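J.: Mind looking over this structure? Questions follow.
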Amino acid sequence: ETLDKGLEKSKSSFFGKLSKAVAGKSKVDDEVLDNLEEVLVSSDVGVNTTLKIIERIEARVAKDKYLGTDELNTILREEIASLLSETNIGEETEFTIPKEKKPYVIMVVGVNGVGKTTTIGKLAHQFKKQGLKVVLGAADTFRAAAIDQLQVWADRVDVPIVKQNMGSDPASVAFDTLQSAVTQDADVVIVDTAGRLHNKVNLMNELTKVKRVMQKVVEDTPNDVLLVLDGSTGQNAFEQAKQFTAATEVTSLAVTKLDGTAKGGVVIGISDQFKIPVKYIGVGEGIDDLQVFNKFEFVDSFFK
Ligand code: GDP
């Protein structure tokens, strides 16, 4: 029900536009497909993924020449869910981490302003609620505000934070954080990293160094490289996904600000284009406004 509330804009817009696209039509024909294409693109699904969806629907129309527009919802829903299935576990509803990995290390990447700090705070809250011991690492040392904001969240959630002065070596902060986590017998470590997209080589070097140093303390870490994207920025989010996946191996995505956008389709397009599962979605500024991404709930809320 919170998801429905959170995605209110996406769904009313998508569903509303979809209804308009088929208005006065009883059969799915070329015009309906053209309109549908426009609706998907304007909902930020992205051109490639839109074409893929349209092709699949065309194939079904070719099989069943009298496919009615009243069936379009069901078909579209099936095709979107099936697309998401290719990359998402999607059946998860809980914030879980594998118990056998301790500490479980999440390295968080993304550019400034997308909601990185907020997402870290919300995640820490979820894990803490389960009784897990969480440690935060402020390895975004480029901006003093980034360190301060993470401190605010650490206080709010009441979890320890490891930090150094602004300008210090991010890898050094990551090292300290993991060492402290091991000493404290922590379950989860969440490390913030700098979000400058200064240039690809620098970004790659910095993230590679942070990872290498983490592995010196706990082998096979980070266990998750979580890229945070602002869902309300459409093509920018695609562009950032491209840059970060080129710089490091991103293993999951958090898409934020889906409460403030009429274009939730970005979730469909990005997970399809980059074959990286969307794990979390942000649906507000509050501490509880982070949800585990569930494809069935998502598709349902899109079409309700
Ligand atoms: P960072 O620079 O990437 O660390 O971004 P912040 O975490 O500081 O977030 C930037 C702004 O976006 C803040 O005002 C947050 O409250 C807001 N924000 C973060 N996530 C969400 C979300 O899911 N929904 C909404 N509406 N706002 C969000």
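Labels used: A, B, ... for chains in the order of the structure tokens, numbers from 1 for residues in each chain, and numbers from 1 for ligands as shown.
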How would you report the residues lying within 7 Å of ligand 1, as a list in words, if you count only C-alpha atoms and all ligand atoms?
T.: Gly110, Val111, Asn112, Gly113, Val114, Gly115, Lys116, Thr117, Thr118, Thr119, Ala146, Gln149, Thr256, Lys257, Leu258, Asp259, Gly260, Ile281, Gly282, Val283, Gly284, Glu285, Asp289 and Leu290 of chain A
J.: Report as a ChimeraX atom specification all protein, DNA and RNA residues lying within 9 Å of range 57-62 of chain A, evaluated on only C-alpha atoms, omitting residues in the same chain fewer than 5 positions from it.
T.: /A:28-30,33,52,67,72,75-76,79
J.: Please run DSSP on the backbone and report, as a PyMOL selection string, all residues within range 116-231 of chain A that come out as strand (DSSP E or B).
T.: chain A and resi 134-139+161-162+188-193+224-230
J.: Enumerate the residues of range 66-258 of chain A with a DSSP assignment of alpha helix (DSSP H), computed from the backbone, and present them as a PyMOL selection string.
T.: chain A and resi 72-85+116-129+144-157+170-183+200-217+235-247
J.: With only C-alpha atoms counted and 9 Å as the cut-off, give the residues of range 29-135 of chain A in contact with range 154-178 of chain A, each with its shortest interatomic distance in Å and the pair that gives it, as a tab-separated table.
T.:
```
residue	atom	partner	partner_atom	distance
A:Pro103	CA	A:Leu178	CA	8.3
A:Val105	CA	A:Leu178	CA	8.3
A:Gly121	CA	A:Ala154	CA	6.9
A:Lys122	CA	A:Val157	CA	8.3
A:Ala124	CA	A:Val157	CA	7.0
A:His125	CA	A:Val157	CA	5.6
A:Lys128	CA	A:Val157	CA	7.9
A:Lys133	CA	A:Val159	CA	7.9
A:Val134	CA	A:Val159	CA	6.1
A:Val135	CA	A:Pro160	CA	5.3
```
J.: Kindly indicate which residue among A:Glu219, A:Glu86, A:Asp187, A:Asp192 lies nearest to Lys102 in chain A, using only C-alpha atoms for the distances.
T.: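 Looking only at the distances to Lys102 in chain A, the closest residue turns out to be A:Asp187.
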J.: Rank A:Val108, A:Ala139, A:Ile287, A:Val182 by their smallest atom-to-atom distance to Leu253 in chain A, using only C-alpha atoms, and report the top residue only.
T.: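 Looking at the shortest contact to Leu253 in chain A, the residue is A:Val108.
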J.: Which neighbours of Ser43 in chain A fall inside 7 Å, counting only C-alpha atoms, when residues of the same chain fewer than 6 positions from it are skipped, and could you give them as a PDB file with C-alpha atoms, in the first residue's frame?
T.:
```pdb
ATOM      1  CA  PHE A  14       1.498   5.438 -17.176  1.00  0.00           C
ATOM      2  CA  LYS A 263       8.265   8.151 -15.052  1.00  0.00           C
ATOM      3  CA  GLY A 264       8.852   4.971 -13.050  1.00  0.00           C
ATOM      4  CA  GLY A 265       9.574   3.207 -16.336  1.00  0.00           C
TER       5      GLY A 265
END
```
